[in-house]
>>> print(open('final-v4.csv').read())   # CSV, C-alpha atoms and all ligand atoms
chain,number,residue,atom,x,y,z
A,1,MET,CA,0.0,0.0,0.0
A,2,SER,CA,2.7,2.5,1.0
A,3,SER,CA,4.5,2.2,-2.4
A,4,LEU,CA,1.2,2.7,-4.2
A,5,ALA,CA,0.2,5.6,-2.0
A,6,MET,CA,3.4,7.5,-2.8
A,7,ASP,CA,2.7,7.7,-6.5
A,8,ALA,CA,0.2,9.9,-8.1
A,9,PRO,CA,-2.7,8.1,-9.8
A,10,ILE,CA,-2.3,7.4,-13.5
A,11,LEU,CA,-6.1,7.6,-13.9
A,12,THR,CA,-8.5,9.6,-11.7
A,13,VAL,CA,-12.3,9.2,-12.2
A,14,HIS,CA,-14.6,11.7,-10.5
A,15,ASP,CA,-18.4,11.5,-10.2
A,16,LEU,CA,-18.9,9.5,-13.4
A,17,ASN,CA,-22.6,9.2,-14.2
A,18,LYS,CA,-24.3,7.4,-17.1
A,19,GLN,CA,-28.0,7.2,-17.4
A,20,PHE,CA,-30.2,5.8,-20.1
A,21,GLY,CA,-33.4,8.0,-20.3
A,22,ASP,CA,-34.1,11.5,-19.3
A,23,GLY,CA,-35.3,11.0,-15.8
A,24,CYS,CA,-38.5,12.4,-14.2
A,25,ILE,CA,-39.6,14.2,-11.0
A,26,ARG,CA,-39.5,11.0,-9.1
A,27,CYS,CA,-35.9,10.0,-10.0
A,28,ALA,CA,-34.3,13.4,-10.6
A,29,GLY,CA,-33.3,13.8,-6.9
A,30,GLY,CA,-29.7,12.9,-7.3
A,31,ALA,CA,-28.2,10.8,-4.5
A,32,ASP,CA,-31.5,10.1,-2.8
A,33,ARG,CA,-33.5,9.4,-5.9
A,34,ARG,CA,-36.0,6.5,-5.4
A,35,LEU,CA,-35.1,3.6,-7.7
A,36,GLU,CA,-35.7,-0.1,-7.9
A,37,LYS,CA,-32.1,-1.2,-8.1
A,38,ASN,CA,-30.8,1.1,-10.9
A,39,TYR,CA,-34.2,1.6,-12.5
A,40,CYS,CA,-36.9,4.3,-12.2
A,41,PRO,CA,-40.3,2.5,-12.4
A,42,ALA,CA,-42.0,5.8,-13.1
A,43,CYS,CA,-40.2,6.8,-16.3
A,44,GLY,CA,-38.0,3.8,-17.2
A,45,THR,CA,-34.7,5.6,-16.9
A,46,VAL,CA,-31.8,3.4,-16.0
A,47,TYR,CA,-29.0,4.8,-13.9
A,48,SER,CA,-26.2,2.5,-14.9
A,49,CYS,CA,-23.3,4.4,-13.3
A,50,GLN,CA,-23.9,6.7,-10.3
A,51,ASN,CA,-21.2,9.0,-9.1
A,52,LEU,CA,-18.4,6.6,-9.6
A,53,SER,CA,-15.1,8.0,-8.2
A,54,PHE,CA,-11.8,6.1,-7.9
A,55,GLU,CA,-8.1,6.2,-8.7
A,56,LEU,CA,-5.9,3.7,-10.6
A,57,TYR,CA,-2.3,3.8,-9.6
A,58,PRO,CA,0.8,3.1,-11.8
A,59,GLY,CA,1.4,-0.6,-12.2
A,60,GLU,CA,-1.6,-1.7,-10.2
A,61,VAL,CA,-4.5,-4.0,-11.0
A,62,LEU,CA,-7.7,-2.5,-9.9
A,63,GLY,CA,-10.6,-5.0,-9.8
A,64,VAL,CA,-14.2,-4.1,-10.4
A,65,VAL,CA,-16.6,-6.8,-9.1
A,66,GLY,CA,-20.4,-6.8,-9.1
A,67,GLU,CA,-23.4,-8.8,-10.2
A,68,SER,CA,-24.7,-8.7,-13.8
A,69,GLY,CA,-26.3,-5.3,-14.5
A,70,SER,CA,-24.3,-3.5,-11.8
A,71,GLY,CA,-22.8,-1.1,-14.4
A,72,LYS,CA,-19.3,-2.6,-14.9
A,73,SER,CA,-19.4,-2.7,-18.7
A,74,THR,CA,-21.0,0.7,-18.9
A,75,LEU,CA,-18.1,2.1,-16.8
A,76,MET,CA,-15.5,0.5,-19.2
A,77,ARG,CA,-17.3,1.7,-22.3
A,78,ALA,CA,-17.4,5.2,-20.9
A,79,LEU,CA,-13.7,5.2,-20.2
A,80,TYR,CA,-12.9,3.9,-23.6
A,81,PHE,CA,-15.3,6.5,-25.2
A,82,ASP,CA,-17.5,3.8,-26.7
A,83,GLN,CA,-20.4,5.6,-25.0
A,84,GLN,CA,-20.7,9.2,-23.9
A,85,VAL,CA,-21.1,9.8,-20.2
A,86,THR,CA,-24.0,11.8,-18.8
A,87,SER,CA,-21.6,13.7,-16.6
A,88,GLY,CA,-18.3,13.3,-14.8
A,89,GLU,CA,-14.6,13.7,-15.1
A,90,ALA,CA,-11.6,11.5,-15.8
A,91,TYR,CA,-7.9,12.5,-15.9
A,92,LEU,CA,-4.9,10.7,-17.1
A,93,SER,CA,-1.5,11.7,-15.6
A,94,CYS,CA,0.1,11.1,-19.0
A,95,TYR,CA,-2.4,13.3,-20.9
A,96,LYS,CA,-2.0,17.1,-20.9
A,97,ASP,CA,-0.3,16.9,-17.4
A,98,GLY,CA,-3.4,15.3,-15.9
A,99,LEU,CA,-5.3,18.6,-16.1
A,100,SER,CA,-7.8,18.0,-18.8
A,101,ASN,CA,-11.0,16.1,-18.4
A,102,LEU,CA,-11.0,13.3,-20.9
A,103,PHE,CA,-14.8,13.4,-21.3
A,104,ALA,CA,-14.7,17.0,-22.4
A,105,GLN,CA,-12.2,16.4,-25.3
A,106,SER,CA,-13.0,16.5,-29.0
A,107,SER,CA,-13.7,13.1,-30.6
A,108,GLN,CA,-10.4,13.5,-32.4
A,109,GLN,CA,-8.5,13.8,-29.1
A,110,GLN,CA,-10.5,10.9,-27.7
A,111,ARG,CA,-9.4,8.8,-30.6
A,112,TYR,CA,-5.8,9.8,-29.8
A,113,ILE,CA,-6.3,8.7,-26.2
A,114,ARG,CA,-7.9,5.4,-27.3
A,115,ASN,CA,-5.2,4.6,-29.7
A,116,HIS,CA,-2.1,5.6,-27.7
A,117,LEU,CA,-3.0,5.6,-24.0
A,118,MET,CA,-5.5,2.8,-23.5
A,119,GLY,CA,-6.1,-0.7,-24.7
A,120,MET,CA,-9.5,-2.5,-24.3
A,121,VAL,CA,-10.2,-6.2,-24.2
A,122,TYR,CA,-13.9,-6.9,-24.5
A,123,GLN,CA,-15.8,-9.8,-23.0
A,124,ASN,CA,-17.1,-10.6,-26.5
A,125,PRO,CA,-14.2,-11.0,-29.0
A,126,LEU,CA,-16.6,-9.9,-31.7
A,127,ALA,CA,-16.6,-6.5,-30.2
A,128,GLY,CA,-12.8,-6.2,-30.2
A,129,LEU,CA,-11.7,-8.1,-33.3
A,130,ARG,CA,-12.5,-8.4,-37.0
A,131,MET,CA,-13.0,-12.1,-37.2
A,132,GLY,CA,-12.3,-12.3,-40.9
A,133,PHE,CA,-9.0,-10.4,-40.9
A,134,SER,CA,-5.8,-12.1,-40.2
A,135,SER,CA,-4.7,-12.0,-36.5
A,136,ILE,CA,-1.6,-10.0,-37.3
A,137,GLY,CA,-3.8,-7.7,-39.5
A,138,ASN,CA,-6.0,-7.1,-36.5
A,139,ILE,CA,-2.9,-5.9,-34.6
A,140,ALA,CA,-1.7,-3.8,-37.6
A,141,GLU,CA,-5.1,-2.1,-37.8
A,142,LYS,CA,-4.7,-0.7,-34.3
A,143,MET,CA,-1.1,0.3,-35.0
A,144,ILE,CA,-2.2,2.1,-38.2
A,145,ALA,CA,-4.9,3.9,-36.2
A,146,ALA,CA,-2.0,5.2,-34.0
A,147,GLY,CA,-0.2,6.5,-37.1
A,148,ASN,CA,2.2,3.7,-38.0
A,149,ARG,CA,2.9,3.3,-41.7
A,150,ASN,CA,6.0,1.1,-41.7
A,151,VAL,CA,4.8,-2.4,-42.8
A,152,ALA,CA,7.9,-4.2,-41.9
A,153,ALA,CA,8.0,-2.7,-38.4
A,154,MET,CA,4.4,-3.6,-37.9
A,155,GLU,CA,5.0,-7.1,-39.1
A,156,THR,CA,7.8,-7.5,-36.5
A,157,ARG,CA,5.9,-5.9,-33.7
A,158,GLY,CA,2.8,-8.0,-34.5
A,159,SER,CA,4.7,-11.2,-34.5
A,160,ASP,CA,6.4,-10.3,-31.3
A,161,LEU,CA,3.0,-9.5,-29.7
A,162,LEU,CA,1.5,-12.8,-30.9
A,163,GLU,CA,4.4,-14.7,-29.5
A,164,ARG,CA,4.0,-13.0,-26.2
A,165,VAL,CA,0.4,-14.2,-26.0
A,166,HIS,CA,1.4,-17.7,-27.1
A,167,ILE,CA,-0.2,-17.7,-30.5
A,168,PRO,CA,2.2,-19.8,-32.7
A,169,LEU,CA,3.8,-17.6,-35.3
A,170,TYR,CA,2.8,-19.9,-38.2
A,171,ARG,CA,-0.9,-19.1,-37.3
A,172,ARG,CA,-0.4,-15.3,-37.5
A,173,LYS,CA,-2.1,-15.0,-40.9
A,174,GLU,CA,-5.0,-17.0,-39.8
A,175,ALA,CA,-8.3,-15.3,-38.9
A,176,PRO,CA,-9.5,-15.2,-35.3
A,177,LYS,CA,-12.8,-16.9,-36.4
A,178,ASN,CA,-10.7,-20.1,-36.8
A,179,PHE,CA,-9.4,-19.8,-33.2
A,180,SER,CA,-10.8,-21.1,-29.9
A,181,GLY,CA,-12.3,-18.7,-27.4
A,182,GLY,CA,-9.1,-18.6,-25.3
A,183,MET,CA,-7.0,-17.9,-28.4
A,184,GLN,CA,-9.3,-15.1,-29.5
A,185,GLN,CA,-9.0,-13.4,-26.2
A,186,ARG,CA,-5.2,-13.7,-26.4
A,187,VAL,CA,-5.3,-12.0,-29.9
A,188,GLN,CA,-7.5,-9.3,-28.3
A,189,ILE,CA,-4.9,-8.8,-25.6
A,190,ALA,CA,-2.1,-8.6,-28.2
A,191,LYS,CA,-4.1,-6.0,-30.1
A,192,ALA,CA,-4.9,-4.0,-27.0
A,193,MET,CA,-1.2,-3.8,-26.2
A,194,SER,CA,0.0,-3.0,-29.7
A,195,ASN,CA,0.7,0.7,-29.1
A,196,ASN,CA,2.2,0.1,-25.6
A,197,PRO,CA,-0.6,1.8,-23.7
A,198,PRO,CA,0.1,2.5,-20.0
A,199,ILE,CA,-3.5,1.4,-19.2
A,200,LEU,CA,-5.4,-1.7,-20.2
A,201,LEU,CA,-9.2,-2.1,-19.7
A,202,LEU,CA,-10.3,-5.7,-19.3
A,203,ASP,CA,-14.0,-6.5,-19.2
A,204,GLU,CA,-14.8,-10.1,-18.2
A,205,VAL,CA,-12.1,-11.4,-20.5
A,206,THR,CA,-12.3,-15.0,-19.3
A,207,THR,CA,-16.1,-15.2,-18.7
A,208,GLY,CA,-17.4,-18.2,-20.6
A,209,LEU,CA,-14.1,-19.9,-21.1
A,210,ASP,CA,-13.4,-23.4,-19.8
A,211,LEU,CA,-11.8,-23.2,-16.3
A,212,SER,CA,-8.4,-24.4,-17.5
A,213,VAL,CA,-8.4,-21.9,-20.4
A,214,GLN,CA,-9.5,-19.2,-18.0
A,215,ALA,CA,-6.6,-19.9,-15.7
A,216,ASN,CA,-4.3,-19.9,-18.6
A,217,VAL,CA,-5.5,-16.5,-19.9
A,218,LEU,CA,-5.5,-14.9,-16.4
A,219,ASP,CA,-2.0,-16.2,-15.9
A,220,LEU,CA,-0.9,-14.6,-19.1
A,221,ILE,CA,-2.4,-11.3,-18.1
A,222,LYS,CA,-0.7,-11.4,-14.7
A,223,HIS,CA,2.6,-12.2,-16.4
A,224,LEU,CA,2.3,-9.4,-18.9
A,225,GLN,CA,1.3,-7.0,-16.1
A,226,ARG,CA,4.3,-7.8,-14.0
A,227,GLU,CA,6.7,-7.8,-16.9
A,228,LEU,CA,5.5,-4.5,-18.5
A,229,GLY,CA,4.1,-2.7,-15.4
A,230,ILE,CA,0.9,-1.9,-17.2
A,231,SER,CA,-1.9,-0.5,-15.0
A,232,MET,CA,-5.1,-2.5,-15.4
A,233,LEU,CA,-8.7,-2.0,-14.7
A,234,LEU,CA,-10.1,-5.5,-14.6
A,235,VAL,CA,-13.8,-6.2,-14.4
A,236,SER,CA,-15.4,-9.5,-13.4
A,237,HIS,CA,-18.6,-10.7,-11.8
A,238,ASP,CA,-16.4,-13.5,-10.3
A,239,LEU,CA,-14.8,-12.7,-7.0
A,240,GLY,CA,-12.5,-15.7,-7.5
A,241,VAL,CA,-11.0,-14.0,-10.5
A,242,ILE,CA,-10.7,-10.7,-8.7
A,243,ARG,CA,-9.0,-12.4,-5.7
A,244,MET,CA,-6.4,-13.9,-8.0
A,245,MET,CA,-5.7,-10.8,-10.0
A,246,ALA,CA,-6.5,-7.5,-8.2
A,247,ASP,CA,-4.4,-5.5,-5.8
A,248,ARG,CA,-7.3,-3.3,-4.9
A,249,THR,CA,-11.0,-3.7,-5.7
A,250,LEU,CA,-14.2,-1.7,-6.2
A,251,VAL,CA,-17.4,-3.4,-5.4
A,252,MET,CA,-20.3,-2.3,-7.5
A,253,LEU,CA,-24.0,-2.7,-6.9
A,254,ASP,CA,-26.9,-1.1,-8.8
A,255,GLY,CA,-24.5,1.4,-10.5
A,256,LYS,CA,-22.8,2.5,-7.4
A,257,VAL,CA,-19.5,1.7,-5.7
A,258,VAL,CA,-20.5,0.3,-2.4
A,259,GLU,CA,-17.1,-0.6,-1.1
A,260,GLN,CA,-13.4,-0.2,-2.2
A,261,GLY,CA,-10.1,-1.1,-0.7
A,262,LEU,CA,-7.3,-3.6,-0.8
A,263,THR,CA,-8.5,-6.9,-2.2
A,264,ASP,CA,-7.2,-8.9,0.8
A,265,GLN,CA,-8.9,-6.6,3.2
A,266,ILE,CA,-12.2,-6.7,1.4
A,267,LEU,CA,-12.0,-10.5,1.4
A,268,GLU,CA,-11.1,-10.7,5.1
A,269,ASP,CA,-13.4,-8.1,6.4
A,270,PRO,CA,-16.1,-7.1,4.0
A,271,GLN,CA,-18.1,-4.1,5.2
A,272,HIS,CA,-21.1,-3.9,3.0
A,273,ALA,CA,-23.9,-6.5,3.2
A,274,TYR,CA,-23.6,-7.2,-0.5
A,275,THR,CA,-19.8,-7.7,-0.3
A,276,GLN,CA,-20.3,-10.0,2.7
A,277,GLN,CA,-22.7,-12.1,0.7
A,278,LEU,CA,-20.2,-12.2,-2.3
A,279,VAL,CA,-17.3,-13.3,0.0
A,280,HIS,CA,-19.4,-15.9,1.8
A,281,SER,CA,-20.4,-17.5,-1.5
A,282,LEU,CA,-16.7,-17.8,-2.4
A,283,LEU,CA,-16.0,-19.9,0.7
B,301,LIG,P1,-22.6,-5.2,-16.1
B,301,LIG,O1,-21.5,-5.1,-17.1
B,301,LIG,O2,-22.2,-5.0,-14.7
B,301,LIG,O3,-23.4,-6.5,-16.2
B,301,LIG,P2,-23.9,-3.2,-17.7
B,301,LIG,O4,-23.0,-2.0,-17.6
B,301,LIG,O5,-23.8,-4.0,-18.9
B,301,LIG,O6,-23.7,-4.1,-16.4
B,301,LIG,O7,-25.4,-2.7,-17.5
B,301,LIG,C1,-25.7,-1.8,-16.4
B,301,LIG,C2,-27.2,-1.4,-16.6
B,301,LIG,O8,-27.3,-0.5,-17.7
B,301,LIG,C3,-28.1,-2.6,-16.8
B,301,LIG,O9,-29.3,-2.3,-16.1
B,301,LIG,C4,-28.4,-2.5,-18.3
B,301,LIG,O10,-29.7,-3.0,-18.6
B,301,LIG,C5,-28.3,-1.0,-18.5
B,301,LIG,N1,-27.9,-0.7,-19.9
B,301,LIG,C6,-26.7,-0.9,-20.5
B,301,LIG,N2,-26.7,-0.4,-21.8
B,301,LIG,C7,-27.9,0.1,-22.0
B,301,LIG,C8,-28.6,0.8,-23.1
B,301,LIG,N3,-27.9,0.9,-24.3
B,301,LIG,N4,-29.8,1.2,-22.9
B,301,LIG,C9,-30.5,1.0,-21.8
B,301,LIG,N5,-30.0,0.4,-20.7
B,301,LIG,C10,-28.7,0.0,-20.8
B,302,MG,MG,-20.7,-6.5,-18.4
>>> encode(input="final-v4.csv", output="structure tokens", more="lines below")
Ligand code: ADP
Ligand code: MG
Amino acid sequence: MSSLAMDAPILTVHDLNKQFGDGCIRCAGGADRRLEKNYCPACGTVYSCQNLSFELYPGEVLGVVGESGSGKSTLMRALYFDQQVTSGEAYLSCYKDGLSNLFAQSSQQQRYIRNHLMGMVYQNPLAGLRMGFSSIGNIAEKMIAAGNRNVAAMETRGSDLLERVHIPLYRRKEAPKNFSGGMQQRVQIAKAMSNNPPILLLDEVTTGLDLSVQANVLDLIKHLQRELGISMLLVSHDLGVIRMMADRTLVMLDGKVVEQGLTDQILEDPQHAYTQQLVHSLL
């Protein structure tokens, strides 16, 4: 903890809100709005992320755990600019000295941030890969988006990345649609890392994989994280995955962070009733 606390955060998120729908008199009341879970029964507005605030520190893995529908993917899509936030701020220490709200940037600047400063690995490989392109072509696409034009250099870098994620080099021209689920996720990871981003966003990357494959992919992520010191925001509904991977953890419920702290501490002494239930179901 002390070594983490000495560094400035690489990512700071402040009061991130994302709602679907315009709200009504009943639900417009901010923090004390009356909802059923994240949903206003009067007007149908969904409050997917409510006042999320947290920091990600250099070289740390921050876990985000919560049941299905708690807003984890919405948070990730917001940070990767797949979806516009309703309100809120986010700052990257490596972008404009950490002084400019990412959500207030032009779409061109947001594209720059996506391509240079962040990598995303989606739960569904269809969202992150072109299944008909070659694997190395998928990686090259991301490098081209970041301004690379040197084909030979991209070929070398792409091969190196595929090797790192244990895709045999002789399969680099093959399309991900021919690959197993675990291999597809490894191609996604290689693609996400292609421009050496300081931050990786990982959304349920092993959900749906066989247990042995899951362990294998998590192991790879952990290895890359240690070797390259990448900061990671890692989402899972599975506290077992979080326990294995995350230094610190946010617990989400109905669009809110209900608890955050060191993963070990949360597991040993969960404070919120929902977290207690999660921890007990793990035992
Ligand atoms: P999680 O990833 O934790 O399972 P999501 O972020 O996918 O949760 O969803 C959070 C909530 O937001 C859910 O109630 C979901 O139905 C709602 N939601 C997500 N996307 C949309 C959308 N495009 N329109 C309306 N509601 C949405
Ligand atoms: Mg999700």
>>> residues_around(input="final-v4.csv", residues="A:Gln50", least_positions_apart="4", cutoff="7 Å", atoms="all atoms listed in the file", output="PDB file with C-alpha atoms, in the coordinates of the input")
ATOM      1  CA  LEU A  16     -18.900   9.500 -13.400  1.00  0.00           C
ATOM      2  CA  ASN A  17     -22.600   9.200 -14.200  1.00  0.00           C
ATOM      3  CA  LYS A  18     -24.300   7.400 -17.100  1.00  0.00           C
ATOM      4  CA  GLY A 255     -24.500   1.400 -10.500  1.00  0.00           C
ATOM      5  CA  LYS A 256     -22.800   2.500  -7.400  1.00  0.00           C
TER       6      LYS A 256
END
>>> residues_around(input="final-v4.csv", residues="stretch 144-158 of chain A", least_positions_apart="6", cutoff="9 Å", atoms="only C-alpha atoms", output="MDAnalysis selection string")
chainID A and resid 111:112 114:116 135:137 172 190:191 194:195
>>> residues_near_ligand(input="final-v4.csv", ligand="ligand MG 302 (chain B)", cutoff="9 Å", atoms="only C-alpha atoms and all ligand atoms", output="PDB file with C-alpha atoms, in the frame of the given file")
ATOM      1  CA  GLU A  67     -23.400  -8.800 -10.200  1.00  0.00           C
ATOM      2  CA  SER A  68     -24.700  -8.700 -13.800  1.00  0.00           C
ATOM      3  CA  GLY A  69     -26.300  -5.300 -14.500  1.00  0.00           C
ATOM      4  CA  SER A  70     -24.300  -3.500 -11.800  1.00  0.00           C
ATOM      5  CA  GLY A  71     -22.800  -1.100 -14.400  1.00  0.00           C
ATOM      6  CA  LYS A  72     -19.300  -2.600 -14.900  1.00  0.00           C
ATOM      7  CA  SER A  73     -19.400  -2.700 -18.700  1.00  0.00           C
ATOM      8  CA  THR A  74     -21.000   0.700 -18.900  1.00  0.00           C
ATOM      9  CA  MET A  76     -15.500   0.500 -19.200  1.00  0.00           C
ATOM     10  CA  GLN A 123     -15.800  -9.800 -23.000  1.00  0.00           C
ATOM     11  CA  ASP A 203     -14.000  -6.500 -19.200  1.00  0.00           C
ATOM     12  CA  GLU A 204     -14.800 -10.100 -18.200  1.00  0.00           C
ATOM     13  CA  VAL A 235     -13.800  -6.200 -14.400  1.00  0.00           C
ATOM     14  CA  SER A 236     -15.400  -9.500 -13.400  1.00  0.00           C
ATOM     15  CA  HIS A 237     -18.600 -10.700 -11.800  1.00  0.00           C
TER      16      HIS A 237
END
>>> residues_around(input="final-v4.csv", residues="stretch 22-28 of chain A", least_positions_apart="3", cutoff="8 Å", atoms="all atoms listed in the file", output="ChimeraX atom specification")
/A:19,33-35,40,42-45
>>> closest_residue(input="final-v4.csv", among="A:Gly229, A:Pro197, A:Gly119, A:Pro125", to="A:Phe179", atoms="only C-alpha atoms")
A:Pro125
>>> closest_residue(input="final-v4.csv", among="A:Leu253, A:Leu92, A:Leu161, A:Leu169", to="ligand LIG 301 (chain B)", atoms="all atoms listed in the file")
A:Leu253
>>> atom_distance(input="final-v4.csv", atom1="atom CA of A:Ile221", atom2="atom CA of A:Phe103")
27.8 Å
>>> closest_residue(input="final-v4.csv", among="A:Leu267, A:Ile113, A:Leu79, A:Cys94", to="A:His14", atoms="only C-alpha atoms")
A:Leu79
>>> closest_residue(input="final-v4.csv", among="A:Thr249, A:Gln83, A:Ser106, A:Asn101", to="ligand LIG 301 (chain B)", atoms="only C-alpha atoms and all ligand atoms")
A:Gln83
>>> residues_around(input="final-v4.csv", residues="A:Ile10", least_positions_apart="5", cutoff="8 Å", atoms="only C-alpha atoms", output="count of residues only")
8
>>> build_atoms(input="final-v4.csv", residues="stretch 110-121 of chain A", atoms="N, CA, C and O atoms", output="tab-separated table (two decimals), in the frame of the given file")
chain	number	residue	atom	x	y	z
A	110	GLN	N	-10.14	12.18	-28.30
A	110	GLN	CA	-10.50	10.90	-27.70
A	110	GLN	C	-10.00	9.73	-28.46
A	110	GLN	O	-9.60	8.72	-27.89
A	111	ARG	N	-10.00	9.89	-29.79
A	111	ARG	CA	-9.40	8.80	-30.60
A	111	ARG	C	-7.94	8.68	-30.33
A	111	ARG	O	-7.42	7.57	-30.25
A	112	TYR	N	-7.27	9.80	-30.17
A	112	TYR	CA	-5.80	9.80	-29.80
A	112	TYR	C	-5.63	8.99	-28.52
A	112	TYR	O	-4.77	8.12	-28.42
A	113	ILE	N	-6.43	9.32	-27.53
A	113	ILE	CA	-6.30	8.70	-26.20
A	113	ILE	C	-6.53	7.17	-26.33
A	113	ILE	O	-5.78	6.35	-25.80
A	114	ARG	N	-7.60	6.82	-27.05
A	114	ARG	CA	-7.90	5.40	-27.30
A	114	ARG	C	-6.77	4.65	-27.93
A	114	ARG	O	-6.48	3.50	-27.61
A	115	ASN	N	-6.16	5.30	-28.90
A	115	ASN	CA	-5.20	4.60	-29.70
A	115	ASN	C	-3.77	4.59	-29.06
A	115	ASN	O	-2.98	3.70	-29.35
A	116	HIS	N	-3.48	5.56	-28.23
A	116	HIS	CA	-2.10	5.60	-27.70
A	116	HIS	C	-2.04	5.33	-26.18
A	116	HIS	O	-1.01	4.89	-25.71
A	117	LEU	N	-3.09	5.64	-25.46
A	117	LEU	CA	-3.00	5.60	-24.00
A	117	LEU	C	-3.76	4.50	-23.34
A	117	LEU	O	-3.58	4.22	-22.16
A	118	MET	N	-4.68	3.88	-24.10
A	118	MET	CA	-5.50	2.80	-23.50
A	118	MET	C	-5.67	1.66	-24.46
A	118	MET	O	-5.72	1.83	-25.66
A	119	GLY	N	-5.77	0.49	-23.88
A	119	GLY	CA	-6.10	-0.70	-24.70
A	119	GLY	C	-7.36	-1.31	-24.03
A	119	GLY	O	-7.52	-1.24	-22.81
A	120	MET	N	-8.21	-1.89	-24.86
A	120	MET	CA	-9.50	-2.50	-24.30
A	120	MET	C	-9.54	-3.94	-24.77
A	120	MET	O	-9.29	-4.26	-25.93
A	121	VAL	N	-9.91	-4.79	-23.83
A	121	VAL	CA	-10.20	-6.20	-24.20
A	121	VAL	C	-11.66	-6.44	-23.74
A	121	VAL	O	-12.00	-6.33	-22.56
